[in-house]
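Engineer: My structure is stored as final.csv, with CSV, C-alpha atoms.
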chain,number,residue,atom,x,y,z
A,1163,MET,CA,-4.2,72.5,-75.6
A,1164,ASP,CA,-6.1,74.9,-73.4
A,1165,LEU,CA,-6.9,73.0,-70.2
A,1166,THR,CA,-9.8,75.3,-69.3
A,1167,VAL,CA,-11.6,73.6,-72.2
A,1168,PRO,CA,-13.3,70.5,-70.7
A,1169,GLU,CA,-12.3,68.1,-73.5
A,1170,TYR,CA,-8.6,69.0,-73.3
A,1171,ALA,CA,-8.6,68.8,-69.5
A,1172,TYR,CA,-10.2,65.3,-69.6
A,1173,MET,CA,-7.8,64.2,-72.3
A,1174,PHE,CA,-4.8,65.5,-70.3
A,1175,GLY,CA,-5.9,63.7,-67.2
A,1176,LEU,CA,-6.2,60.4,-69.0
A,1177,LEU,CA,-2.9,60.9,-70.8
A,1178,GLN,CA,-1.1,61.6,-67.5
A,1179,ALA,CA,-2.4,58.3,-66.1
A,1180,ASP,CA,-2.5,56.0,-69.2
A,1181,GLY,CA,-0.2,57.7,-71.7
A,1182,HIS,CA,3.5,57.1,-72.3
A,1183,LEU,CA,5.8,59.9,-73.5
A,1184,GLN,CA,8.9,58.4,-75.1
A,1185,GLN,CA,12.0,60.5,-76.0
A,1186,GLY,CA,14.3,59.2,-78.8
A,1187,ALA,CA,17.6,60.4,-80.4
A,1188,GLY,CA,17.6,64.1,-81.5
A,1189,GLN,CA,14.0,65.3,-81.9
A,1190,LYS,CA,12.5,61.9,-82.2
A,1191,GLY,CA,10.0,60.5,-79.8
A,1192,LYS,CA,6.3,59.7,-79.5
A,1193,LEU,CA,3.2,59.7,-77.3
A,1194,THR,CA,1.3,56.4,-77.1
A,1195,VAL,CA,-1.9,55.5,-75.4
A,1196,GLU,CA,-3.1,51.9,-75.3
A,1197,LEU,CA,-6.7,51.0,-74.4
A,1198,SER,CA,-9.0,48.1,-74.9
A,1199,ALA,CA,-10.3,47.9,-78.4
A,1200,ARG,CA,-13.8,48.4,-77.1
A,1201,ASP,CA,-12.7,52.0,-76.2
A,1202,ILE,CA,-11.3,52.8,-79.6
A,1203,GLY,CA,-14.0,55.4,-80.0
A,1204,LEU,CA,-12.4,57.6,-77.3
A,1205,LEU,CA,-9.0,57.4,-79.1
A,1206,GLN,CA,-10.7,58.5,-82.3
A,1207,LYS,CA,-12.1,61.5,-80.5
A,1208,PHE,CA,-8.6,62.4,-79.2
A,1209,GLN,CA,-7.3,62.1,-82.7
A,1210,ARG,CA,-9.9,64.6,-83.9
A,1211,LEU,CA,-9.1,67.0,-81.0
A,1212,THR,CA,-5.4,67.0,-81.9
A,1213,PRO,CA,-4.3,69.3,-84.8
A,1214,PHE,CA,-1.3,67.1,-85.7
A,1215,HIS,CA,-1.0,63.9,-87.7
A,1216,SER,CA,-1.4,60.7,-85.6
A,1217,ARG,CA,-2.5,57.1,-86.1
A,1218,ILE,CA,-4.5,54.4,-84.4
A,1219,SER,CA,-3.5,50.7,-84.7
A,1220,THR,CA,-4.9,47.5,-83.1
A,1221,ARG,CA,-3.2,44.3,-82.0
A,1222,THR,CA,-4.3,41.0,-80.5
A,1223,ARG,CA,-2.2,39.1,-78.0
A,1224,SER,CA,-2.3,36.9,-75.0
A,1225,THR,CA,-2.0,38.6,-71.6
A,1226,ASN,CA,-2.0,37.6,-67.9
A,1227,PHE,CA,-5.7,38.4,-67.8
A,1228,ALA,CA,-7.0,36.9,-71.0
A,1229,GLU,CA,-5.9,34.3,-73.5
A,1230,LEU,CA,-6.6,36.7,-76.3
A,1231,HIS,CA,-6.9,40.5,-75.8
A,1232,THR,CA,-7.4,43.1,-78.5
A,1233,SER,CA,-6.1,46.6,-77.8
A,1234,ALA,CA,-6.1,49.9,-79.7
A,1235,THR,CA,-3.1,52.3,-79.6
A,1236,TRP,CA,-3.0,55.9,-80.5
A,1237,THR,CA,0.4,57.2,-81.5
A,1238,LEU,CA,1.4,60.9,-81.9
A,1239,CYS,CA,4.9,61.8,-83.0
A,1240,SER,CA,4.8,65.6,-83.4
A,1241,LEU,CA,7.6,67.4,-81.5
A,1242,GLU,CA,5.4,70.4,-81.0
A,1243,ALA,CA,2.6,68.4,-79.4
A,1244,ARG,CA,5.0,66.4,-77.2
A,1245,THR,CA,6.7,69.6,-76.0
A,1246,ARG,CA,3.4,71.1,-75.1
A,1247,LEU,CA,2.3,68.0,-73.2
A,1248,ASN,CA,5.6,67.8,-71.4
A,1249,GLU,CA,5.4,71.5,-70.4
A,1250,LEU,CA,1.9,70.9,-69.0
A,1251,GLY,CA,3.2,68.1,-66.7
A,1252,LEU,CA,3.4,64.9,-68.7
A,1253,PRO,CA,6.9,63.6,-68.0
A,1254,TYR,CA,9.0,61.5,-70.3
A,1255,GLY,CA,9.5,57.9,-69.2
A,1256,ARG,CA,8.3,56.5,-65.9
A,1257,LYS,CA,5.8,58.8,-64.3
A,1258,SER,CA,3.5,57.1,-61.9
A,1259,LYS,CA,4.8,58.8,-58.8
A,1260,THR,CA,5.6,62.2,-60.3
A,1261,ILE,CA,2.5,63.2,-62.1
A,1262,ALA,CA,0.6,66.1,-60.5
A,1263,PRO,CA,-2.3,68.4,-61.4
A,1264,PRO,CA,-1.2,71.1,-63.9
A,1265,LEU,CA,0.2,74.4,-62.6
A,1266,VAL,CA,-1.9,76.3,-65.2
A,1267,GLU,CA,-5.6,77.0,-64.9
A,1268,PHE,CA,-7.6,73.9,-65.7
A,1269,SER,CA,-11.1,72.3,-65.4
A,1270,SER,CA,-10.8,70.2,-62.3
A,1271,ARG,CA,-13.8,67.9,-62.7
A,1272,ASP,CA,-12.9,67.0,-66.3
A,1273,TYR,CA,-9.2,66.5,-65.5
A,1274,LEU,CA,-10.2,64.1,-62.6
A,1275,ARG,CA,-12.7,62.2,-64.7
A,1276,GLY,CA,-9.8,61.5,-67.2
A,1277,ALA,CA,-7.7,60.2,-64.3
A,1278,ILE,CA,-10.5,58.0,-63.0
A,1279,ASP,CA,-11.4,56.7,-66.5
A,1280,ALA,CA,-7.7,55.6,-66.8
A,1281,ASP,CA,-6.9,54.4,-63.3
A,1282,GLY,CA,-10.1,54.3,-61.3
A,1283,SER,CA,-13.4,52.5,-61.1
A,1284,VAL,CA,-17.1,53.4,-60.9
A,1285,GLY,CA,-19.9,51.1,-60.1
A,1286,PHE,CA,-21.4,48.9,-57.3
A,1287,THR,CA,-19.6,46.9,-54.7
A,1288,SER,CA,-20.3,43.2,-54.2
A,1289,LYS,CA,-22.8,44.2,-51.5
A,1290,GLY,CA,-24.6,46.5,-54.0
A,1291,PHE,CA,-23.3,49.9,-52.7
A,1292,PRO,CA,-22.3,52.7,-55.0
A,1293,PHE,CA,-18.5,53.5,-55.2
A,1294,VAL,CA,-16.0,55.7,-57.0
A,1295,SER,CA,-12.3,55.0,-56.6
A,1296,LEU,CA,-8.9,56.0,-57.9
A,1297,THR,CA,-5.7,54.0,-57.6
A,1298,THR,CA,-2.5,56.0,-58.0
A,1299,ALA,CA,1.1,56.1,-56.9
A,1300,SER,CA,1.1,59.9,-57.0
A,1301,THR,CA,0.7,61.7,-53.7
A,1302,ALA,CA,-0.3,64.9,-55.5
A,1303,MET,CA,-3.1,63.1,-57.4
A,1304,ALA,CA,-4.5,61.4,-54.3
A,1305,SER,CA,-4.5,64.7,-52.4
A,1306,PHE,CA,-6.1,66.6,-55.3
A,1307,LEU,CA,-9.0,64.1,-55.6
A,1308,SER,CA,-9.4,64.1,-51.8
A,1309,GLY,CA,-9.7,67.9,-51.8
A,1310,TYR,CA,-12.1,68.0,-54.7
A,1311,ALA,CA,-14.3,65.2,-53.2
A,1312,LYS,CA,-14.5,67.1,-49.9
A,1313,GLU,CA,-15.7,70.2,-51.7
A,1314,VAL,CA,-18.4,68.6,-53.9
A,1315,ALA,CA,-19.4,65.6,-51.9
A,1316,GLY,CA,-18.6,66.5,-48.3
A,1317,ALA,CA,-16.2,63.5,-48.1
A,1318,GLU,CA,-13.3,63.8,-45.7
A,1319,ARG,CA,-10.4,61.4,-46.5
A,1320,THR,CA,-6.9,61.0,-45.1
A,1321,THR,CA,-4.8,59.7,-48.0
A,1322,LYS,CA,-2.3,57.0,-47.1
A,1323,ARG,CA,-0.3,54.5,-49.2
A,1324,ASN,CA,-1.2,50.9,-48.6
A,1325,THR,CA,1.5,48.6,-47.2
A,1326,ARG,CA,1.2,45.9,-49.9
A,1327,ASP,CA,2.2,47.8,-53.0
A,1328,GLY,CA,2.8,51.4,-51.8
A,1329,VAL,CA,-0.1,53.0,-53.8
A,1330,TYR,CA,-3.0,55.1,-52.8
A,1331,ASN,CA,-6.5,53.5,-53.1
A,1332,VAL,CA,-8.8,56.5,-52.6
A,1333,LEU,CA,-12.4,55.2,-52.2
A,1334,TYR,CA,-15.8,56.8,-51.8
A,1335,THR,CA,-19.0,54.9,-51.2
A,1336,VAL,CA,-22.8,55.3,-50.9
A,1337,GLU,CA,-24.1,58.9,-51.0
A,1338,ARG,CA,-20.7,60.4,-51.2
A,1339,ALA,CA,-20.0,58.3,-54.3
A,1340,GLN,CA,-23.3,59.3,-55.8
A,1341,ARG,CA,-22.5,63.0,-55.4
A,1342,LEU,CA,-19.0,62.6,-56.6
A,1343,ALA,CA,-20.0,60.6,-59.7
A,1344,ALA,CA,-22.8,63.2,-60.5
A,1345,ALA,CA,-20.2,66.0,-60.4
A,1346,LEU,CA,-17.6,64.2,-62.5
A,1347,TYR,CA,-19.8,62.5,-65.1
A,1348,TYR,CA,-22.2,65.2,-66.2
A,1349,PRO,CA,-24.4,64.9,-69.3
A,1350,GLY,CA,-22.6,65.2,-72.6
A,1351,CYS,CA,-19.1,65.1,-71.1
A,1352,LEU,CA,-16.2,63.4,-72.9
A,1353,SER,CA,-15.6,60.0,-71.1
A,1354,LEU,CA,-15.4,56.3,-71.5
A,1355,GLU,CA,-19.0,55.4,-72.4
A,1356,ARG,CA,-19.1,52.3,-70.1
A,1357,LYS,CA,-17.9,54.3,-67.1
A,1358,HIS,CA,-20.3,57.1,-67.9
A,1359,ALA,CA,-23.1,54.6,-67.9
A,1360,ALA,CA,-21.9,53.1,-64.6
A,1361,ALA,CA,-21.8,56.6,-63.0
A,1362,ALA,CA,-25.3,57.3,-64.2
A,1363,SER,CA,-26.6,54.1,-62.7
A,1364,LEU,CA,-25.4,55.1,-59.2
A,1365,ALA,CA,-28.1,57.8,-59.0
A,1366,ALA,CA,-30.9,55.2,-58.7
A,1367,TRP,CA,-29.5,53.7,-55.4
A,1368,VAL,CA,-31.5,54.4,-52.2
A,1369,ARG,CA,-30.1,53.7,-48.8
A,1370,PRO,CA,-32.0,50.6,-47.5
A,1371,ALA,CA,-34.4,51.0,-44.6
A,1372,GLY,CA,-32.7,50.3,-41.4
A,1373,MET,CA,-29.2,50.9,-42.7
A,1374,ARG,CA,-27.3,53.2,-40.4
A,1375,ALA,CA,-26.7,56.6,-41.7
A,1376,ALA,CA,-23.2,57.6,-42.7
A,1377,TYR,CA,-21.1,58.6,-39.7
A,1378,THR,CA,-20.5,62.4,-39.2
A,1379,LYS,CA,-17.9,63.4,-36.8
A,1380,ARG,CA,-19.3,65.4,-33.8
A,1381,ARG,CA,-17.0,68.2,-32.8
A,1382,TRP,CA,-16.4,69.1,-29.1
A,1383,ALA,CA,-17.8,72.4,-28.0
A,1384,GLU,CA,-16.2,74.5,-25.2
A,1385,HIS,CA,-19.2,74.0,-22.9
A,1386,GLU,CA,-18.8,70.3,-23.2
A,1387,ASP,CA,-15.1,70.5,-22.3
A,1388,ARG,CA,-16.1,72.5,-19.2
A,1389,ILE,CA,-18.7,69.8,-18.1
A,1390,LEU,CA,-16.2,67.0,-18.8
A,1391,LEU,CA,-13.5,68.7,-16.7
A,1392,LYS,CA,-15.9,69.6,-13.9
A,1393,LEU,CA,-17.3,66.0,-13.6
A,1394,ASN,CA,-13.8,64.5,-14.0
A,1395,SER,CA,-15.4,61.2,-14.9
A,1396,PRO,CA,-15.8,59.8,-18.5
A,1397,THR,CA,-18.7,57.6,-17.3
A,1398,LEU,CA,-20.7,60.5,-15.8
A,1399,ALA,CA,-19.8,62.8,-18.7
A,1400,ALA,CA,-20.9,60.3,-21.2
A,1401,GLN,CA,-24.4,60.3,-19.6
A,1402,ALA,CA,-24.5,64.1,-19.3
A,1403,LEU,CA,-23.3,64.8,-22.9
A,1404,ASP,CA,-24.9,61.9,-24.7
A,1405,ARG,CA,-21.5,60.6,-25.8
A,1406,THR,CA,-19.6,57.3,-25.5
A,1407,VAL,CA,-17.4,56.7,-22.5
A,1408,GLN,CA,-14.5,56.0,-24.9
A,1409,SER,CA,-14.9,59.4,-26.5
A,1410,CYS,CA,-15.1,61.2,-23.2
A,1411,ASN,CA,-12.1,59.3,-21.8
A,1412,LEU,CA,-10.0,60.3,-24.9
A,1413,ARG,CA,-11.1,63.9,-24.8
A,1414,LEU,CA,-10.3,64.2,-21.1
A,1415,TRP,CA,-6.8,62.7,-21.7
A,1416,ARG,CA,-6.2,65.2,-24.5
A,1417,LEU,CA,-7.3,68.2,-22.3
A,1418,ARG,CA,-5.1,67.1,-19.4
A,1419,ASN,CA,-2.1,66.5,-21.6
A,1420,GLY,CA,-2.3,69.7,-23.7
A,1421,GLN,CA,-3.3,67.9,-26.9
A,1422,VAL,CA,-6.2,70.3,-27.2
A,1423,PRO,CA,-6.6,73.8,-25.7
A,1424,LEU,CA,-8.5,74.1,-22.4
A,1425,PRO,CA,-11.8,76.1,-22.5
A,1426,VAL,CA,-11.2,79.8,-22.0
A,1427,ASP,CA,-12.7,80.2,-18.5
A,1428,GLN,CA,-10.6,77.3,-17.0
Would you kindly transcribe this structure into structure tokens?

Structural biologist:
Amino acid sequence: MDLTVPEYAYMFGLLQADGHLQQGAGQKGKLTVELSARDIGLLQKFQRLTPFHSRISTRTRSTNFAELHTSATWTLCSLEARTRLNELGLPYGRKSKTIAPPLVEFSSRDYLRGAIDADGSVGFTSKGFPFVSLTTASTAMASFLSGYAKEVAGAERTTKRNTRDGVYNVLYTVERAQRLAAALYYPGCLSLERKHAAAASLAAWVRPAGMRAAYTKRRWAEHEDRILLKLNSPTLAAQALDRTVQSCNLRLWRLRNGQVPLPVDQ
């Protein structure tokens, strides 16, 4: 399982999020992955990628979300395969908080696409805006997606667990979501077909006329700090620097209290 190969990197990302590695007595154990029956085609591709005997089964039962739900489960028992997956970073048992990107070289975009296919969403918000999101309990996964999205989509995010259930909801919208989806879901890649189709549909979105452009943080320059300190008035500085009074007031407080360095000629 060479994770520099896109198909294996994707497969491993999905297994970390949706797979369950179970250890039994002696050398017994198994890997299972359960998806909706409509996604059985992906499990069949995993089966073809894996050079060990495995099986796919289906079952129909009632759930909290539907009166009747049919799922497909891929089961792999090979000790050699399980050992390799465990070495790469798929823990036995509960794993939601402990999974992390592999320590070996791997294809980042394919790995992240696997994680998003398992625990993320791609599509349009109720207001019709493109979005890409990942829900994870793992700090390492949230941070890795944040770093990748900053690189390919110019999206800065500070990851933080939500207070309700202690997980990370990493969300990207509008143009940043478009750029991220295009990087992750490229033509011909292995993925859930419905999410690939959703990602492709984001490209057609155009920002409506009159909709305010995405906010870009404006950094303070040294000459602005000098003007702010010389005027010593957030109101006057706001007019001179074309900034808000609130921004000037906060910057002045930070300069006076050593939160940011003073300009070099002060």

Engineer: In Å, with one decimal, what is the gap from atom CA of A:Leu1364 to atom CA of A:Ala1315?

Structural biologist: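 So the two atoms, atom CA of A:Leu1364 and atom CA of A:Ala1315, lie 14.1 Å apart.
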
Engineer: Identify the residues within 10 Å of coordinate (12.4, 62.9, -70.5) (same frame as the file), considering all atoms listed in the file, and give the answer as a PyMOL selection string.

Structural biologist: chain A and resi 1183-1186+1191+1248+1252-1257

Engineer: Restricting the calculation to all atoms listed in the file: of A:Arg1217, A:Gly1290, A:Val1332, A:Leu1403, which residue gets closest to A:Trp1367?

Structural biologist: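 Among the listed residues, the smallest separation from A:Trp1367 belongs to A:Gly1290.
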
Engineer: In Å to one decimal, how far is atom CA of A:Ser1233 from atom CA of A:Arg1221?

Structural biologist: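 These atoms are spaced 5.6 Å apart.
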
Engineer: Report, in Å with one decimal, the straight-line distance from atom CA of A:Cys1410 to atom CA of A:Pro1396.

Structural biologist: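 Those two atoms sit 5.0 Å apart.
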
Engineer: Would you tabulate, counting only C-alpha atoms, all residues of stretch 1323-1398 of chain A that have an atom at most 10 Å from an atom of stretch 1416-1423 of chain A, showing the closest pair of atoms and their distance in Å to one decimal, sorted by chain then ascending number, as a tab-separated table?

Structural biologist:
residue	atom	partner	partner_atom	distance
A:Glu1384	CA	A:Pro1423	CA	9.6
A:Asp1387	CA	A:Leu1417	CA	8.1
A:Leu1390	CA	A:Leu1417	CA	9.6
A:Leu1391	CA	A:Leu1417	CA	8.4

Engineer: For stretch 1354-1361 of chain A, list every protein, DNA or RNA residue within 7 Å, evaluated using only C-alpha atoms, and leave out those in the same chain fewer than 5 positions away; present the list as an MDAnalysis selection string.

Structural biologist: chainID A and resid 1201 1204 1279 1284:1285 1343 1347

Engineer: For the selection you just gave me, I'd like the residues written to a file as an mmCIF file, in the coordinates of the input, keeping C-alpha atoms.

Structural biologist:
data_model
loop_
_atom_site.group_PDB
_atom_site.id
_atom_site.type_symbol
_atom_site.label_atom_id
_atom_site.label_comp_id
_atom_site.auth_asym_id
_atom_site.auth_seq_id
_atom_site.Cartn_x
_atom_site.Cartn_y
_atom_site.Cartn_z
ATOM 1 C CA ASP A 1201 -12.700 52.000 -76.200
ATOM 2 C CA LEU A 1204 -12.400 57.600 -77.300
ATOM 3 C CA ASP A 1279 -11.400 56.700 -66.500
ATOM 4 C CA VAL A 1284 -17.100 53.400 -60.900
ATOM 5 C CA GLY A 1285 -19.900 51.100 -60.100
ATOM 6 C CA ALA A 1343 -20.000 60.600 -59.700
ATOM 7 C CA TYR A 1347 -19.800 62.500 -65.100
#

Engineer: Mind checking which residues fall within 12 Å of stretch 1369-1375 of chain A, counting only C-alpha atoms, ignoring those fewer than 6 positions away in the same chain, and posting them as a PyMOL selection string?

Structural biologist: chain A and resi 1289-1292+1335-1338+1340

Engineer: Which neighbours of A:Met1303 fall inside 8 Å, counting all atoms listed in the file, when residues of the same chain fewer than 3 positions from it are skipped, and could you give them as a PDB file with C-alpha atoms, in the coordinates of the input?

Structural biologist:
ATOM      1  CA  ILE A1261       2.500  63.200 -62.100  1.00  0.00           C
ATOM      2  CA  ALA A1262       0.600  66.100 -60.500  1.00  0.00           C
ATOM      3  CA  PRO A1263      -2.300  68.400 -61.400  1.00  0.00           C
ATOM      4  CA  THR A1298      -2.500  56.000 -58.000  1.00  0.00           C
ATOM      5  CA  SER A1300       1.100  59.900 -57.000  1.00  0.00           C
ATOM      6  CA  PHE A1306      -6.100  66.600 -55.300  1.00  0.00           C
ATOM      7  CA  LEU A1307      -9.000  64.100 -55.600  1.00  0.00           C
TER       8      LEU A1307
END

Engineer: With 3 Å on each side, where is the centre of the axis-aligned box around all listed atoms of stretch 1240-1243 of chain A, and how long are its edges in Å to one decimal, as lines of an AutoDock Vina configuration file?

Structural biologist:
center_x = 5.1
center_y = 68.0
center_z = -81.4
size_x = 11.0
size_y = 10.8
size_z = 10.0

Engineer: So, with all atoms listed in the file as the atoms that count, which of A:Asp1272, A:Asp1404, A:Glu1313, A:Asp1327 lies closest to A:Ala1299?

Structural biologist: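 Ranking A:Asp1272, A:Asp1404, A:Glu1313, A:Asp1327 by distance to A:Ala1299, first place goes to A:Asp1327.
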
Engineer: Since the input is missing atoms, can you rebuild N, CA and C atoms for stretch 1174-1204 of chain A and write them as a PDB file, in the coordinates of the input?

Structural biologist:
ATOM      1  N   PHE A1174      -6.039  65.388 -71.019  1.00  0.00           N
ATOM      2  CA  PHE A1174      -4.800  65.500 -70.300  1.00  0.00           C
ATOM      3  C   PHE A1174      -4.742  64.609 -69.076  1.00  0.00           C
ATOM      4  N   GLY A1175      -5.848  64.572 -68.332  1.00  0.00           N
ATOM      5  CA  GLY A1175      -5.900  63.700 -67.200  1.00  0.00           C
ATOM      6  C   GLY A1175      -5.741  62.254 -67.504  1.00  0.00           C
ATOM      7  N   LEU A1176      -6.350  61.827 -68.589  1.00  0.00           N
ATOM      8  CA  LEU A1176      -6.200  60.400 -69.000  1.00  0.00           C
ATOM      9  C   LEU A1176      -4.788  60.156 -69.524  1.00  0.00           C
ATOM     10  N   LEU A1177      -4.204  61.123 -70.262  1.00  0.00           N
ATOM     11  CA  LEU A1177      -2.900  60.900 -70.800  1.00  0.00           C
ATOM     12  C   LEU A1177      -1.836  60.836 -69.646  1.00  0.00           C
ATOM     13  N   GLN A1178      -2.011  61.634 -68.598  1.00  0.00           N
ATOM     14  CA  GLN A1178      -1.100  61.600 -67.500  1.00  0.00           C
ATOM     15  C   GLN A1178      -1.098  60.157 -66.838  1.00  0.00           C
ATOM     16  N   ALA A1179      -2.274  59.567 -66.781  1.00  0.00           N
ATOM     17  CA  ALA A1179      -2.400  58.300 -66.100  1.00  0.00           C
ATOM     18  C   ALA A1179      -2.084  57.113 -67.074  1.00  0.00           C
ATOM     19  N   ASP A1180      -2.572  57.167 -68.311  1.00  0.00           N
ATOM     20  CA  ASP A1180      -2.500  56.000 -69.200  1.00  0.00           C
ATOM     21  C   ASP A1180      -1.537  56.237 -70.406  1.00  0.00           C
ATOM     22  N   GLY A1181      -1.077  57.454 -70.605  1.00  0.00           N
ATOM     23  CA  GLY A1181      -0.200  57.700 -71.700  1.00  0.00           C
ATOM     24  C   GLY A1181       1.250  57.481 -71.428  1.00  0.00           C
ATOM     25  N   HIS A1182       2.050  57.315 -72.471  1.00  0.00           N
ATOM     26  CA  HIS A1182       3.500  57.100 -72.300  1.00  0.00           C
ATOM     27  C   HIS A1182       4.221  58.031 -73.275  1.00  0.00           C
ATOM     28  N   LEU A1183       5.016  58.951 -72.733  1.00  0.00           N
ATOM     29  CA  LEU A1183       5.800  59.900 -73.500  1.00  0.00           C
ATOM     30  C   LEU A1183       7.216  59.386 -73.639  1.00  0.00           C
ATOM     31  N   GLN A1184       7.625  59.033 -74.854  1.00  0.00           N
ATOM     32  CA  GLN A1184       8.900  58.400 -75.100  1.00  0.00           C
ATOM     33  C   GLN A1184       9.840  59.381 -75.857  1.00  0.00           C
ATOM     34  N   GLN A1185      11.068  59.569 -75.386  1.00  0.00           N
ATOM     35  CA  GLN A1185      12.000  60.500 -76.000  1.00  0.00           C
ATOM     36  C   GLN A1185      13.096  59.659 -76.724  1.00  0.00           C
ATOM     37  N   GLY A1186      13.312  59.956 -78.028  1.00  0.00           N
ATOM     38  CA  GLY A1186      14.300  59.200 -78.800  1.00  0.00           C
ATOM     39  C   GLY A1186      15.519  60.128 -79.082  1.00  0.00           C
ATOM     40  N   ALA A1187      16.372  59.689 -79.995  1.00  0.00           N
ATOM     41  CA  ALA A1187      17.600  60.400 -80.400  1.00  0.00           C
ATOM     42  C   ALA A1187      17.166  61.728 -81.096  1.00  0.00           C
ATOM     43  N   GLY A1188      17.877  62.820 -80.812  1.00  0.00           N
ATOM     44  CA  GLY A1188      17.600  64.100 -81.500  1.00  0.00           C
ATOM     45  C   GLY A1188      16.189  64.591 -81.093  1.00  0.00           C
ATOM     46  N   GLN A1189      15.381  64.851 -82.107  1.00  0.00           N
ATOM     47  CA  GLN A1189      14.000  65.300 -81.900  1.00  0.00           C
ATOM     48  C   GLN A1189      12.980  64.232 -82.006  1.00  0.00           C
ATOM     49  N   LYS A1190      13.460  63.002 -82.074  1.00  0.00           N
ATOM     50  CA  LYS A1190      12.500  61.900 -82.200  1.00  0.00           C
ATOM     51  C   LYS A1190      11.862  61.543 -80.901  1.00  0.00           C
ATOM     52  N   GLY A1191      10.715  60.920 -81.012  1.00  0.00           N
ATOM     53  CA  GLY A1191      10.000  60.500 -79.800  1.00  0.00           C
ATOM     54  C   GLY A1191       8.511  60.315 -80.202  1.00  0.00           C
ATOM     55  N   LYS A1192       7.723  59.884 -79.235  1.00  0.00           N
ATOM     56  CA  LYS A1192       6.300  59.700 -79.500  1.00  0.00           C
ATOM     57  C   LYS A1192       5.506  59.604 -78.229  1.00  0.00           C
ATOM     58  N   LEU A1193       4.230  59.882 -78.369  1.00  0.00           N
ATOM     59  CA  LEU A1193       3.200  59.700 -77.300  1.00  0.00           C
ATOM     60  C   LEU A1193       2.402  58.475 -77.718  1.00  0.00           C
ATOM     61  N   THR A1194       2.221  57.525 -76.820  1.00  0.00           N
ATOM     62  CA  THR A1194       1.300  56.400 -77.100  1.00  0.00           C
ATOM     63  C   THR A1194       0.335  56.226 -75.970  1.00  0.00           C
ATOM     64  N   VAL A1195      -0.869  55.845 -76.333  1.00  0.00           N
ATOM     65  CA  VAL A1195      -1.900  55.500 -75.400  1.00  0.00           C
ATOM     66  C   VAL A1195      -2.560  54.223 -75.842  1.00  0.00           C
ATOM     67  N   GLU A1196      -2.534  53.208 -74.985  1.00  0.00           N
ATOM     68  CA  GLU A1196      -3.100  51.900 -75.300  1.00  0.00           C
ATOM     69  C   GLU A1196      -4.317  51.621 -74.460  1.00  0.00           C
ATOM     70  N   LEU A1197      -5.465  51.386 -75.089  1.00  0.00           N
ATOM     71  CA  LEU A1197      -6.700  51.000 -74.400  1.00  0.00           C
ATOM     72  C   LEU A1197      -7.265  49.765 -74.975  1.00  0.00           C
ATOM     73  N   SER A1198      -8.243  49.210 -74.300  1.00  0.00           N
ATOM     74  CA  SER A1198      -9.000  48.100 -74.900  1.00  0.00           C
ATOM     75  C   SER A1198      -9.614  48.475 -76.169  1.00  0.00           C
ATOM     76  N   ALA A1199      -9.675  47.551 -77.111  1.00  0.00           N
ATOM     77  CA  ALA A1199     -10.300  47.900 -78.400  1.00  0.00           C
ATOM     78  C   ALA A1199     -11.688  48.348 -78.313  1.00  0.00           C
ATOM     79  N   ARG A1200     -12.391  47.953 -77.246  1.00  0.00           N
ATOM     80  CA  ARG A1200     -13.800  48.400 -77.100  1.00  0.00           C
ATOM     81  C   ARG A1200     -13.842  49.922 -76.839  1.00  0.00           C
ATOM     82  N   ASP A1201     -12.694  50.523 -76.465  1.00  0.00           N
ATOM     83  CA  ASP A1201     -12.700  52.000 -76.200  1.00  0.00           C
ATOM     84  C   ASP A1201     -11.996  52.744 -77.321  1.00  0.00           C
ATOM     85  N   ILE A1202     -11.915  52.149 -78.503  1.00  0.00           N
ATOM     86  CA  ILE A1202     -11.300  52.800 -79.600  1.00  0.00           C
ATOM     87  C   ILE A1202     -11.941  54.119 -79.988  1.00  0.00           C
ATOM     88  N   GLY A1203     -13.230  54.200 -79.737  1.00  0.00           N
ATOM     89  CA  GLY A1203     -14.000  55.400 -80.000  1.00  0.00           C
ATOM     90  C   GLY A1203     -13.416  56.642 -79.313  1.00  0.00           C
ATOM     91  N   LEU A1204     -12.931  56.445 -78.086  1.00  0.00           N
ATOM     92  CA  LEU A1204     -12.400  57.600 -77.300  1.00  0.00           C
ATOM     93  C   LEU A1204     -11.048  58.010 -77.971  1.00  0.00           C
TER      94      LEU A1204
END
